[in-house]
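Chemist: See target-v6.txt below, with compact mmCIF, C-alpha atoms and all ligand atoms.
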# COMPACT_ATOMS: atom_id res chain seq x y z
CA MET Z 1 0.00 0.00 0.00
CA LYS Z 2 1.31 3.46 -0.91
CA ARG Z 3 2.13 6.28 1.48
CA ALA Z 4 -0.53 8.93 1.77
CA HIS Z 5 -0.79 11.77 -0.70
CA ILE Z 6 -4.39 12.70 -1.31
CA GLY Z 7 -5.29 15.33 -3.88
CA GLY Z 8 -8.51 16.52 -5.46
CA LEU Z 9 -11.62 17.33 -3.47
CA THR Z 10 -11.40 18.05 0.25
CA PRO Z 11 -11.78 14.61 1.81
CA LEU Z 12 -14.36 13.72 4.45
CA ARG Z 13 -12.56 13.10 7.77
CA VAL Z 14 -13.99 10.45 10.06
CA ARG Z 15 -12.93 8.63 13.23
CA VAL Z 16 -13.99 5.35 14.79
CA PRO Z 17 -14.04 4.16 18.42
CA GLY Z 18 -11.09 2.24 19.86
CA ASP Z 19 -10.28 -1.26 18.66
CA LYS Z 20 -12.50 -3.86 20.31
CA SER Z 21 -10.08 -6.81 20.08
CA ILE Z 22 -7.19 -4.82 21.59
CA SER Z 23 -9.43 -3.31 24.30
CA HIS Z 24 -10.66 -6.73 25.51
CA ARG Z 25 -7.11 -8.04 25.72
CA ALA Z 26 -5.60 -4.93 27.31
CA ALA Z 27 -8.26 -4.97 30.08
CA LEU Z 28 -7.86 -8.69 30.84
CA LEU Z 29 -4.06 -8.60 30.78
CA ALA Z 30 -4.01 -5.44 32.91
CA ALA Z 31 -6.17 -7.31 35.43
CA MET Z 32 -3.64 -10.17 35.47
CA ALA Z 33 -0.63 -7.81 35.83
CA SER Z 34 0.78 -6.40 39.06
CA GLY Z 35 0.39 -2.62 39.19
CA THR Z 36 -1.58 0.18 37.55
CA SER Z 37 -2.23 0.04 33.81
CA ARG Z 38 -3.49 2.94 31.72
CA ILE Z 39 -5.51 2.14 28.59
CA ALA Z 40 -6.35 5.26 26.55
CA GLY Z 41 -8.96 4.99 23.79
CA PHE Z 42 -10.55 1.93 25.44
CA SER Z 43 -13.47 0.89 23.25
CA PRO Z 44 -16.91 2.13 24.38
CA ALA Z 45 -18.47 -0.89 22.61
CA GLY Z 46 -21.01 -3.03 24.44
CA ASP Z 47 -18.78 -6.09 23.98
CA CYS Z 48 -15.94 -4.40 25.86
CA ALA Z 49 -18.32 -3.39 28.64
CA ALA Z 50 -18.87 -7.15 29.04
CA THR Z 51 -15.14 -7.58 29.61
CA LEU Z 52 -15.22 -4.81 32.23
CA ASN Z 53 -18.03 -6.75 33.90
CA VAL Z 54 -15.64 -9.72 34.11
CA LEU Z 55 -13.05 -7.54 35.87
CA LYS Z 56 -15.71 -6.32 38.29
CA THR Z 57 -16.94 -9.85 39.07
CA LEU Z 58 -13.34 -10.96 39.72
CA GLY Z 59 -12.82 -8.09 42.17
CA VAL Z 60 -10.42 -6.05 40.00
CA SER Z 61 -10.62 -2.27 40.56
CA PHE Z 62 -10.79 -0.01 37.52
CA SER Z 63 -12.03 3.43 36.64
CA GLY Z 64 -12.66 5.25 33.38
CA GLU Z 65 -12.32 8.98 32.82
CA ASP Z 66 -11.96 11.00 29.60
CA GLY Z 67 -11.72 7.82 27.54
CA VAL Z 68 -8.85 6.47 29.67
CA LEU Z 69 -9.35 3.21 31.56
CA THR Z 70 -7.17 2.74 34.62
CA VAL Z 71 -6.89 -0.81 35.94
CA GLN Z 72 -5.38 -1.70 39.32
CA GLY Z 73 -3.98 -5.16 38.64
CA ALA Z 74 -3.22 -7.19 41.72
CA GLY Z 75 -1.50 -10.03 39.85
CA LEU Z 76 -3.00 -13.41 39.08
CA THR Z 77 -3.40 -14.25 42.76
CA GLY Z 78 -5.38 -11.01 43.18
CA LEU Z 79 -8.30 -12.33 41.09
CA LYS Z 80 -11.13 -13.11 43.54
CA THR Z 81 -13.53 -16.08 43.50
CA PRO Z 82 -16.63 -14.75 41.73
CA GLN Z 83 -19.70 -14.58 43.95
CA ALA Z 84 -22.07 -14.94 41.00
CA SER Z 85 -22.10 -16.19 37.41
CA ILE Z 86 -19.95 -14.05 35.12
CA GLY Z 87 -22.16 -12.41 32.47
CA CYS Z 88 -20.44 -12.03 29.09
CA SER Z 89 -23.43 -10.44 27.33
CA ARG Z 90 -23.13 -11.18 23.57
CA SER Z 91 -19.33 -11.11 23.48
CA GLY Z 92 -17.64 -14.29 22.28
CA THR Z 93 -14.19 -12.75 22.80
CA THR Z 94 -15.03 -11.97 26.44
CA MET Z 95 -16.25 -15.50 27.13
CA ARG Z 96 -13.45 -17.36 25.36
CA LEU Z 97 -10.55 -15.26 26.63
CA THR Z 98 -11.89 -15.13 30.18
CA THR Z 99 -12.20 -18.92 30.22
CA GLY Z 100 -8.50 -19.04 29.30
CA VAL Z 101 -7.64 -16.77 32.25
CA LEU Z 102 -9.83 -18.72 34.70
CA ALA Z 103 -8.43 -22.08 33.56
CA GLY Z 104 -5.40 -21.27 35.71
CA ARG Z 105 -7.23 -20.00 38.80
CA PRO Z 106 -7.86 -22.40 41.71
CA PHE Z 107 -11.57 -21.65 42.13
CA GLU Z 108 -14.81 -22.38 40.35
CA SER Z 109 -16.44 -19.89 38.00
CA ARG Z 110 -19.47 -20.04 35.75
CA LEU Z 111 -19.60 -18.01 32.55
CA THR Z 112 -22.90 -17.24 30.89
CA GLY Z 113 -24.46 -14.58 28.66
CA HIS Z 114 -27.17 -13.47 26.27
CA PRO Z 115 -29.09 -16.27 24.45
CA GLN Z 116 -27.25 -15.31 21.24
CA LEU Z 117 -23.90 -16.12 22.90
CA LEU Z 118 -25.27 -19.35 24.37
CA ARG Z 119 -25.71 -20.68 20.82
CA ARG Z 120 -22.03 -20.28 19.85
CA PRO Z 121 -19.42 -23.08 19.82
CA MET Z 122 -17.27 -23.32 22.95
CA ARG Z 123 -15.81 -26.83 22.74
CA ARG Z 124 -13.01 -25.28 20.69
CA ILE Z 125 -11.66 -23.65 23.88
CA ALA Z 126 -12.77 -26.35 26.33
CA GLU Z 127 -10.73 -29.05 24.57
CA PRO Z 128 -7.26 -27.48 24.81
CA LEU Z 129 -7.92 -26.14 28.33
CA LEU Z 130 -8.97 -29.65 29.46
CA ALA Z 131 -5.79 -31.01 27.89
CA MET Z 132 -3.84 -28.50 30.01
CA GLY Z 133 -5.48 -29.85 33.16
CA ALA Z 134 -8.37 -27.44 33.85
CA ALA Z 135 -11.83 -28.82 34.65
CA VAL Z 136 -14.07 -27.21 32.01
CA GLU Z 137 -17.71 -28.22 31.62
CA LEU Z 138 -20.06 -27.08 28.90
CA ALA Z 139 -23.71 -27.10 29.89
CA HIS Z 140 -25.00 -28.36 26.53
CA GLY Z 141 -22.44 -30.31 24.53
CA ASP Z 142 -20.72 -27.54 22.58
CA THR Z 143 -22.24 -24.46 24.19
CA ALA Z 144 -22.15 -22.25 27.30
CA PRO Z 145 -22.83 -21.75 30.19
CA ILE Z 146 -19.29 -22.85 30.97
CA THR Z 147 -18.17 -24.00 34.40
CA VAL Z 148 -14.43 -23.85 34.93
CA ARG Z 149 -12.32 -24.93 37.90
CA GLY Z 150 -8.72 -24.12 37.20
CA GLY Z 151 -5.26 -24.67 38.55
CA ASN Z 152 -2.26 -27.00 38.11
CA LEU Z 153 -2.00 -26.46 34.38
CA GLU Z 154 0.64 -28.03 32.20
CA GLY Z 155 1.83 -26.58 28.92
CA ILE Z 156 0.67 -28.27 25.72
CA ASP Z 157 1.56 -28.24 22.04
CA TYR Z 158 -1.70 -27.49 20.26
CA GLU Z 159 -2.83 -27.17 16.64
CA PRO Z 160 -6.34 -25.62 16.72
CA PRO Z 161 -8.68 -27.30 14.20
CA VAL Z 162 -10.20 -23.88 13.38
CA ALA Z 163 -8.27 -20.71 12.56
CA SER Z 164 -9.32 -18.57 15.53
CA ALA Z 165 -7.50 -15.81 17.38
CA GLN Z 166 -9.91 -16.34 20.27
CA VAL Z 167 -8.88 -19.99 20.67
CA LYS Z 168 -5.20 -19.08 20.32
CA SER Z 169 -5.57 -16.33 22.92
CA ALA Z 170 -7.47 -18.50 25.42
CA VAL Z 171 -4.68 -21.09 25.28
CA LEU Z 172 -1.94 -18.43 25.59
CA LEU Z 173 -3.66 -16.86 28.62
CA ALA Z 174 -3.81 -20.29 30.26
CA GLY Z 175 -0.22 -20.92 29.17
CA LEU Z 176 0.87 -17.89 31.21
CA GLN Z 177 -0.19 -19.87 34.27
CA ALA Z 178 1.09 -23.34 33.27
CA GLU Z 179 4.07 -25.44 34.22
CA GLY Z 180 6.35 -25.67 31.17
CA ALA Z 181 5.98 -24.09 27.74
CA THR Z 182 2.70 -23.87 25.82
CA GLN Z 183 2.87 -23.84 22.04
CA ILE Z 184 0.14 -23.08 19.48
CA VAL Z 185 0.70 -23.98 15.86
CA GLU Z 186 -1.43 -22.23 13.25
CA LYS Z 187 -1.62 -23.11 9.55
CA VAL Z 188 -2.94 -19.64 8.75
CA VAL Z 189 -2.07 -16.48 10.64
CA THR Z 190 -4.81 -14.97 12.86
CA ARG Z 191 -4.82 -11.59 14.60
CA ASP Z 192 -1.81 -11.29 16.93
CA HIS Z 193 -2.96 -8.64 19.43
CA THR Z 194 -2.54 -10.97 22.42
CA GLU Z 195 1.04 -11.76 21.44
CA ARG Z 196 1.92 -8.08 20.94
CA LEU Z 197 0.48 -7.06 24.31
CA LEU Z 198 2.12 -9.97 26.11
CA ARG Z 199 5.48 -8.97 24.63
CA ALA Z 200 4.94 -5.36 25.72
CA MET Z 201 4.09 -6.57 29.24
CA GLY Z 202 7.29 -8.57 29.59
CA ALA Z 203 5.99 -12.11 29.03
CA PRO Z 204 8.34 -14.72 27.54
CA ILE Z 205 6.56 -15.16 24.20
CA GLY Z 206 8.01 -16.06 20.84
CA THR Z 207 6.69 -16.63 17.33
CA ALA Z 208 8.52 -18.49 14.57
CA ILE Z 209 7.70 -20.14 11.26
CA GLY Z 210 8.24 -23.89 11.69
CA ALA Z 211 7.64 -27.01 9.64
CA ARG Z 212 4.03 -27.25 10.87
CA GLY Z 213 3.12 -23.58 10.49
CA ILE Z 214 3.25 -20.44 12.64
CA GLU Z 215 4.48 -21.52 16.08
CA THR Z 216 3.75 -19.27 19.06
CA SER Z 217 4.99 -20.28 22.48
CA VAL Z 218 4.64 -18.78 25.93
CA SER Z 219 5.74 -19.73 29.46
CA ALA Z 220 4.52 -18.77 32.91
CA ALA Z 221 5.17 -15.14 33.77
CA ASP Z 222 4.20 -12.24 35.98
CA LEU Z 223 3.03 -9.41 33.77
CA ASP Z 224 4.19 -5.79 34.00
CA PRO Z 225 1.42 -3.19 33.84
CA ILE Z 226 0.95 -1.43 30.51
CA ASP Z 227 0.40 2.13 29.30
CA ILE Z 228 -1.23 1.95 25.87
CA GLU Z 229 -3.22 4.07 23.42
CA VAL Z 230 -5.73 1.83 21.65
CA PRO Z 231 -6.01 2.79 17.95
CA GLY Z 232 -9.35 3.11 16.15
CA ASP Z 233 -11.01 -0.17 15.24
CA LEU Z 234 -10.16 -1.23 11.67
CA SER Z 235 -13.30 -3.38 11.45
CA SER Z 236 -15.45 -0.32 12.23
CA ALA Z 237 -13.32 1.76 9.86
CA SER Z 238 -13.95 -0.84 7.15
CA VAL Z 239 -17.67 -0.03 7.25
CA LEU Z 240 -16.84 3.61 6.52
CA ILE Z 241 -14.36 2.64 3.79
CA ALA Z 242 -17.11 0.59 2.15
CA ALA Z 243 -19.50 3.57 2.51
CA ALA Z 244 -16.88 5.85 0.92
CA LEU Z 245 -16.46 3.44 -2.00
CA VAL Z 246 -20.15 2.98 -2.77
CA THR Z 247 -20.93 6.69 -2.47
CA GLY Z 248 -17.76 7.89 -4.26
CA THR Z 249 -16.59 9.97 -1.27
CA ASN Z 250 -12.88 10.85 -0.90
CA SER Z 251 -12.31 10.12 2.79
CA ILE Z 252 -9.73 9.91 5.54
CA VAL Z 253 -10.25 7.56 8.48
CA GLN Z 254 -8.06 9.05 11.18
CA ASP Z 255 -5.91 7.17 13.66
CA VAL Z 256 -6.96 3.63 12.98
CA GLY Z 257 -5.24 0.31 13.79
CA LEU Z 258 -3.30 -1.07 10.82
CA ASN Z 259 -2.05 -4.39 12.20
CA PRO Z 260 -1.18 -6.51 9.11
CA THR Z 261 -3.07 -9.51 10.55
CA ARG Z 262 -6.24 -7.41 10.34
CA CYS Z 263 -5.63 -5.73 6.94
CA GLY Z 264 -6.96 -8.42 4.57
CA PHE Z 265 -9.97 -6.28 3.60
CA LEU Z 266 -7.69 -3.41 2.54
CA ARG Z 267 -5.52 -5.73 0.45
CA VAL Z 268 -8.58 -7.20 -1.30
CA LEU Z 269 -10.03 -3.71 -1.95
CA GLU Z 270 -6.79 -2.62 -3.60
CA ARG Z 271 -6.99 -5.62 -5.93
CA MET Z 272 -10.60 -4.59 -6.69
CA GLY Z 273 -9.36 -1.18 -7.81
CA ALA Z 274 -9.87 1.01 -4.73
CA GLU Z 275 -7.08 3.51 -4.12
CA LEU Z 276 -6.03 3.32 -0.48
CA GLU Z 277 -3.07 5.06 1.10
CA LEU Z 278 -1.67 4.83 4.59
CA ASP Z 279 0.09 7.39 6.73
CA ILE Z 280 1.55 5.28 9.53
CA HIS Z 281 2.16 7.17 12.80
CA ALA Z 282 3.49 4.34 15.01
CA GLU Z 283 4.38 0.65 14.76
CA GLU Z 284 4.51 -0.56 18.38
CA PRO Z 285 2.83 -2.13 20.17
CA GLU Z 286 0.23 -1.87 17.39
CA PRO Z 287 0.64 -0.20 13.96
CA ARG Z 288 -1.68 2.80 13.60
CA GLY Z 289 -2.18 5.70 11.25
CA ASP Z 290 -4.50 7.56 8.90
CA LEU Z 291 -6.13 5.72 6.02
CA PHE Z 292 -6.97 7.61 2.84
CA VAL Z 293 -9.68 6.26 0.52
CA ARG Z 294 -10.06 7.42 -3.08
CA PRO Z 295 -13.00 5.61 -4.70
CA GLY Z 296 -13.01 4.33 -8.27
CA PRO Z 297 -14.70 1.59 -10.27
CA LEU Z 298 -14.51 -1.84 -8.58
CA THR Z 299 -13.75 -5.17 -10.23
CA ALA Z 300 -14.23 -8.60 -8.63
CA THR Z 301 -11.11 -10.38 -7.40
CA ALA Z 302 -10.24 -13.81 -6.01
CA VAL Z 303 -10.02 -14.02 -2.21
CA LEU Z 304 -7.47 -16.60 -1.08
CA LEU Z 305 -8.27 -19.14 1.63
CA GLU Z 306 -5.33 -17.94 3.74
CA GLU Z 307 -6.68 -14.38 3.61
CA ILE Z 308 -9.99 -15.31 5.29
CA PRO Z 309 -8.94 -14.86 8.97
CA SER Z 310 -7.50 -11.41 8.18
CA LEU Z 311 -10.90 -10.18 6.95
CA ILE Z 312 -13.35 -12.54 8.66
CA ASP Z 313 -15.43 -9.71 10.19
CA GLU Z 314 -15.32 -7.70 6.94
CA LEU Z 315 -16.75 -10.46 4.70
CA PRO Z 316 -20.34 -9.14 4.94
CA LEU Z 317 -19.04 -5.75 3.73
CA LEU Z 318 -17.15 -7.43 0.93
CA GLY Z 319 -20.39 -9.14 -0.08
CA VAL Z 320 -22.09 -5.73 -0.33
CA LEU Z 321 -19.21 -4.22 -2.33
CA ALA Z 322 -19.21 -7.25 -4.64
CA THR Z 323 -22.74 -6.30 -5.73
CA GLN Z 324 -21.25 -3.05 -7.09
CA ALA Z 325 -18.14 -4.63 -8.66
CA GLU Z 326 -17.82 -5.88 -12.23
CA GLY Z 327 -17.51 -9.68 -12.27
CA ILE Z 328 -18.07 -12.66 -10.00
CA THR Z 329 -16.82 -12.71 -6.40
CA VAL Z 330 -16.47 -16.14 -4.81
CA ILE Z 331 -15.87 -16.42 -1.06
CA GLU Z 332 -14.95 -19.93 0.12
CA GLY Z 333 -13.36 -21.36 3.26
CA ALA Z 334 -15.41 -19.05 5.47
CA ALA Z 335 -17.70 -21.55 7.24
CA GLU Z 336 -16.76 -19.75 10.50
CA LEU Z 337 -19.19 -17.03 9.40
CA ARG Z 338 -22.01 -19.39 10.33
CA ALA Z 339 -20.77 -19.47 13.96
CA LYS Z 340 -20.71 -15.71 14.61
CA GLU Z 341 -23.41 -13.62 16.34
CA SER Z 342 -25.73 -15.02 13.64
CA ASP Z 343 -25.27 -17.28 10.64
CA ARG Z 344 -23.70 -14.49 8.61
CA ILE Z 345 -23.73 -16.42 5.32
CA GLU Z 346 -27.47 -17.01 5.49
CA GLY Z 347 -28.26 -13.52 6.82
CA LEU Z 348 -26.07 -11.73 4.29
CA VAL Z 349 -27.34 -13.68 1.30
CA ASN Z 350 -30.98 -13.15 2.34
CA GLY Z 351 -30.37 -9.43 2.93
CA LEU Z 352 -28.55 -8.87 -0.35
CA ARG Z 353 -31.15 -10.85 -2.29
CA ALA Z 354 -33.91 -8.70 -0.75
CA LEU Z 355 -31.99 -5.64 -2.00
CA GLY Z 356 -31.99 -7.13 -5.52
CA ALA Z 357 -28.45 -8.58 -5.69
CA ASP Z 358 -27.49 -11.67 -7.67
CA VAL Z 359 -26.10 -13.79 -4.85
CA ARG Z 360 -26.11 -17.41 -3.67
CA GLN Z 361 -24.93 -19.35 -0.63
CA LEU Z 362 -22.18 -21.94 -0.51
CA ALA Z 363 -21.73 -24.23 2.49
CA ASP Z 364 -18.61 -22.22 3.43
CA GLY Z 365 -19.18 -18.88 1.73
CA PHE Z 366 -21.14 -17.10 -0.97
CA VAL Z 367 -21.02 -16.03 -4.62
CA VAL Z 368 -22.00 -12.57 -5.87
CA ARG Z 369 -22.36 -11.53 -9.51
CA GLY Z 370 -22.08 -7.80 -10.08
CA PRO Z 371 -22.72 -5.10 -10.74
CA THR Z 372 -26.39 -4.89 -9.87
CA ARG Z 373 -28.65 -1.98 -9.02
CA LEU Z 374 -29.91 -2.35 -5.48
CA GLY Z 375 -33.46 -1.24 -4.76
CA SER Z 376 -36.10 -0.69 -2.17
CA ALA Z 377 -36.29 -3.55 0.36
CA VAL Z 378 -37.25 -4.79 3.78
CA CYS Z 379 -34.44 -6.93 5.16
CA ASP Z 380 -33.30 -8.47 8.44
CA ALA Z 381 -29.91 -8.00 10.10
CA CYS Z 382 -30.72 -10.90 12.47
CA ASP Z 383 -29.68 -8.93 15.61
CA ASP Z 384 -26.11 -9.06 14.32
CA HIS Z 385 -24.10 -5.81 14.50
CA ARG Z 386 -21.91 -6.61 11.50
CA LEU Z 387 -24.85 -7.57 9.27
CA ALA Z 388 -26.68 -4.42 10.36
CA MET Z 389 -23.76 -2.21 9.35
CA ALA Z 390 -23.10 -4.06 6.07
CA LEU Z 391 -26.75 -3.88 4.99
CA SER Z 392 -26.79 -0.18 5.94
CA VAL Z 393 -23.96 0.36 3.46
CA GLY Z 394 -26.03 -1.48 0.84
CA ALA Z 395 -28.95 0.82 1.68
CA LEU Z 396 -26.76 3.87 0.88
CA VAL Z 397 -26.76 2.92 -2.83
CA ALA Z 398 -30.24 1.42 -3.03
CA GLU Z 399 -32.59 3.30 -5.34
CA GLY Z 400 -35.54 3.43 -2.97
CA PRO Z 401 -36.30 3.16 0.73
CA VAL Z 402 -34.73 0.28 2.68
CA ARG Z 403 -35.99 -0.88 6.05
CA ILE Z 404 -33.58 -3.05 8.04
CA ALA Z 405 -34.90 -4.97 11.05
CA GLY Z 406 -32.71 -6.47 13.79
CA VAL Z 407 -30.26 -3.58 14.09
CA ASP Z 408 -30.51 -3.08 17.86
CA TYR Z 409 -27.02 -4.34 18.72
CA VAL Z 410 -24.84 -2.10 16.55
CA ASP Z 411 -23.44 -0.55 19.75
CA ASP Z 412 -21.87 -3.93 20.57
CA SER Z 413 -19.01 -2.83 18.32
CA PHE Z 414 -19.57 0.71 16.96
CA PRO Z 415 -21.39 3.22 19.20
CA GLY Z 416 -22.14 6.31 17.08
CA PHE Z 417 -22.33 4.29 13.85
CA GLU Z 418 -25.54 5.86 12.53
CA ARG Z 419 -24.31 9.41 13.05
CA THR Z 420 -20.98 8.66 11.37
CA LEU Z 421 -22.59 6.83 8.45
CA ALA Z 422 -24.96 9.76 7.90
CA SER Z 423 -21.97 11.89 6.82
CA PHE Z 424 -21.75 9.73 3.66
CA ARG Z 425 -25.37 10.40 2.59
C1 LIG J 1 -11.76 -11.81 17.44
C2 LIG J 1 -11.48 -12.85 16.60
C3 LIG J 1 -12.37 -13.29 15.53
C4 LIG J 1 -13.39 -12.20 15.18
C5 LIG J 1 -14.01 -11.58 16.40
C6 LIG J 1 -12.94 -10.97 17.29
C7 LIG J 1 -10.80 -11.52 18.52
O1 LIG J 1 -13.06 -14.42 15.97
O2 LIG J 1 -14.39 -12.72 14.34
O3 LIG J 1 -14.92 -10.56 16.02
O4 LIG J 1 -10.84 -10.43 19.11
O5 LIG J 1 -9.97 -12.40 18.79
P1 LIG J 1 -12.38 -15.88 15.86
O6 LIG J 1 -11.08 -15.79 16.51
O7 LIG J 1 -13.28 -16.83 16.58
O8 LIG J 1 -12.31 -16.13 14.38
Show me this structure written as structure tokens.
Modeler:
Amino acid sequence: MKRAHIGGLTPLRVRVPGDKSISHRAALLAAMASGTSRIAGFSPAGDCAATLNVLKTLGVSFSGEDGVLTVQGAGLTGLKTPQASIGCSRSGTTMRLTTGVLAGRPFESRLTGHPQLLRRPMRRIAEPLLAMGAAVELAHGDTAPITVRGGNLEGIDYEPPVASAQVKSAVLLAGLQAEGATQIVEKVVTRDHTERLLRAMGAPIGTAIGARGIETSVSAADLDPIDIEVPGDLSSASVLIAAALVTGTNSIVQDVGLNPTRCGFLRVLERMGAELELDIHAEEPEPRGDLFVRPGPLTATAVLLEEIPSLIDELPLLGVLATQAEGITVIEGAAELRAKESDRIEGLVNGLRALGADVRQLADGFVVRGPTRLGSAVCDACDDHRLAMALSVGALVAEGPVRIAGVDYVDDSFPGFERTLASFR
């Protein structure tokens, strides 16, 4: 991607709230550290409020003022036995990462949440944590509530059957409390925010390319507190980039996270013909900068299987953009989309079809033939924040009124979304 140099019309400048993935991790790791951590730009998203609820239930003191979260970490032994079930709301990241933390704690906890979360697969974290020696019980086969009694963990060498940063992170957080080294081997790279934060907090963590894939290992450690500025959330920014492209608006998304493990959407957009430029302000612990978008005609491109984890949350947006691109877009290897807040393949295809798009489902993805004119529609975002935002971008180019139901949970990731999107109308 080129360095920034935007000419022409005065661009629209927009900002997004702090990165959700980094905020969850910073709060949990700060709770595990000894000393006071300062997290500026902590995400105001509902999902991150669920992680703060975890801290509260475990007796960790924190306060938030002027967008800065201050956490008084009392070390791992400072985490208190919860006096009630730990509510994780609709946040899968909260539930999976917290289970990893609690797998090493010598008390019993029960994690539960909103019915939407209680439908999502949890055996993927229970299995490796059981192998490490924690007692983890799932109430209904593969799903939460989860009861965990931790302690006496041993390091494992684990190859997750699904590419998931949440699974990797849960195992690493348990590995911080285990006897001996814990290693995760991934075939395809997933977001590395946990690794970056652990490194910044003094944990013995290493990543190398080995014969079996990307090998990340960690050993037991006491964590130093951290002072971090969370960059804007690239997944939220991606909604605005898509809005800029469909409306032909020269735009700048200011101060957004540009971690390469999250940038798959940007790389695909460039191949589709979008002109994107980056002005990087900092690299550590997380790359961040301004992102310039200059819209142009879009052409369909192939999305590689190994790119899927780097744009998993942006695939609904890509589906919307594909309706405006010349050619056929095929997304495969994305069955994980069916295990998100809703079945995002089904919901996206139904929503796009209602808008008039030429689209069909695959077992592990979808196919869109473009370009098509989108029109007046009533569609359903299935109470899924990412579908709600993607369909709202589709509505921006529809020639007629669009009513989207099931949009109540947009604040789970992007408070202020509607106001920000309105600047593209
Ligand atoms: C996340 C990882 C991804 C992503 C989710 C946030 C994270 O899930 O879809 O929105 O913060 O680790 P998986 O790791 O399950 O793919």
Chemist: So, counting all atoms listed in the file, which residue among Z:Glu195, Z:Glu215, Z:Glu127, Z:Glu137 is closest to ligand LIG 1 (chain J)?
Modeler: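 The answer is Z:Glu195, which sits nearest to ligand LIG 1 (chain J).
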Chemist: Got a sec to check which residues lie within 10 Å of ligand LIG 1 (chain J), using only C-alpha atoms and all ligand atoms, and send them as a PyMOL selection string?
Modeler: chain Z and resi 19-25+47+91-94+96-97+120-122+124+162-170+190-194+235+262+308-314+334+336-337+339-341+386+413
Chemist: Using all atoms listed in the file, which of Z:Val393, Z:Gly416, Z:Glu332, Z:His385 sits nearest Z:Phe366?
Modeler: Z:Glu332
Chemist: In Å, rounded to a single decimal, give me how far atom CA of Z:Asp233 is from atom CA of Z:Ala398.
Modeler: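 Spanning atom CA of Z:Ala398 to atom CA of Z:Asp233 is a straight-line distance of 26.6 Å.
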Chemist: To one decimal place, how far is atom CA of Z:Asp408 from atom CA of Z:Pro316 in Å?
Modeler: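 According to the coordinates, atom CA of Z:Asp408 and atom CA of Z:Pro316 are separated by 17.5 Å.
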Chemist: Near Z:Ser109, within 7 Å and counting only C-alpha atoms, which residues show up once chain neighbours fewer than 4 positions away are dropped, as a PyMOL selection string?
Modeler: chain Z and resi 82+85+147-149
Chemist: With C-alpha atoms retained, write the just-selected residues as a JSON list (two decimals), in the coordinates of the input.
Modeler:
[["chain", "number", "residue", "atom", "x", "y", "z"],
["Z", 82, "PRO", "CA", -16.63, -14.75, 41.73],
["Z", 85, "SER", "CA", -22.10, -16.19, 37.41],
["Z", 147, "THR", "CA", -18.17, -24.00, 34.40],
["Z", 148, "VAL", "CA", -14.43, -23.85, 34.93],
["Z", 149, "ARG", "CA", -12.32, -24.93, 37.90]]
Chemist: Env of Z:Asn250: 6 Å cut, atoms = all atoms listed in the file, seq-sep filter 3 positions within chain, self excluded. Answer as a ChimeraX atom specification.
Modeler: /Z:11,293-294
Chemist: Counting all atoms listed in the file, note down every residue that has an atom within 9 Å of the point (-22.7, -21.2, 2.0) (file coordinates), as a PyMOL selection string.
Modeler: chain Z and resi 331-332+334-335+338+345-346+349+360-367
Chemist: Looking at only C-alpha atoms, which of Z:Pro145, Z:Gly400, Z:Gly394, Z:Gly59 is the one that sits closest to Z:Leu318?
Modeler: Z:Gly394
Chemist: State, in Å with one decimal place, the distance from atom CA of Z:Thr51 to atom CA of Z:Ala27.
Modeler: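 Computing it gives 7.4 Å between the two atoms.
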Chemist: Rank nothing, just name the residue among Z:Asp279, Z:Glu306, Z:Glu418, Z:Asp255 nearest to Z:Glu186, using all atoms listed in the file.
Modeler: Z:Glu306
Chemist: For a cutoff of 10 Å around the file-coordinate point (-14.1, -22.5, 40.0), which residues qualify once you count only C-alpha atoms? I'd like the result as a list of chain:residue names.
Modeler: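 Nearby residues: Z:Thr81, Z:Pro82, Z:Leu102, Z:Ala103, Z:Gly104, Z:Arg105, Z:Pro106, Z:Phe107, Z:Glu108, Z:Ser109, Z:Arg110, Z:Ala134, Z:Ala135, Z:Val136, Z:Thr147, Z:Val148, Z:Arg149, Z:Gly150, Z:Gly151.
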Chemist: Excluding Z:Glu179 and residues on its chain fewer than 6 positions from it, collect all residues at most 9 Å away from it, counting all atoms listed in the file, and give them as a PyMOL selection string.
Modeler: chain Z and resi 152-155+219-220
Chemist: Can you work out which one of Z:Leu76, Z:Val16, Z:Leu305, Z:Ala139 has the shortest atom-to-atom distance to Z:Ala221, counting only C-alpha atoms?
Modeler: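 Checking each candidate against Z:Ala221, we get Z:Leu76 as the closest.
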Chemist: Write out as an MDAnalysis selection string which residues come within 10 Å of Z:Ala422 when counting all atoms listed in the file, dropping same-chain ones fewer than 4 positions away.
Modeler: chainID Z and resid 243 396 417:418
Chemist: Between Z:Thr70, Z:Ser238, Z:Glu277, Z:Ala357, which has the minimum distance to Z:Leu421 (counting all atoms listed in the file)?
Modeler: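 Smallest distance to Z:Leu421 is found for Z:Ser238.
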Chemist: Find the spatial neighbours of Z:Thr247, counting only C-alpha atoms, within a cut-off of 8 Å - ignore same-chain residues fewer than 6 positions away - and output them as a compact mmCIF listing (two decimals) with C-alpha atoms, in the frame of the given file.
Modeler:
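What landed in result-v5.txt:
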# COMPACT_ATOMS: atom_id res chain seq x y z
CA LEU Z 396 -26.76 3.87 0.88
CA VAL Z 397 -26.76 2.92 -2.83
CA PHE Z 424 -21.75 9.73 3.66
CA ARG Z 425 -25.37 10.40 2.59
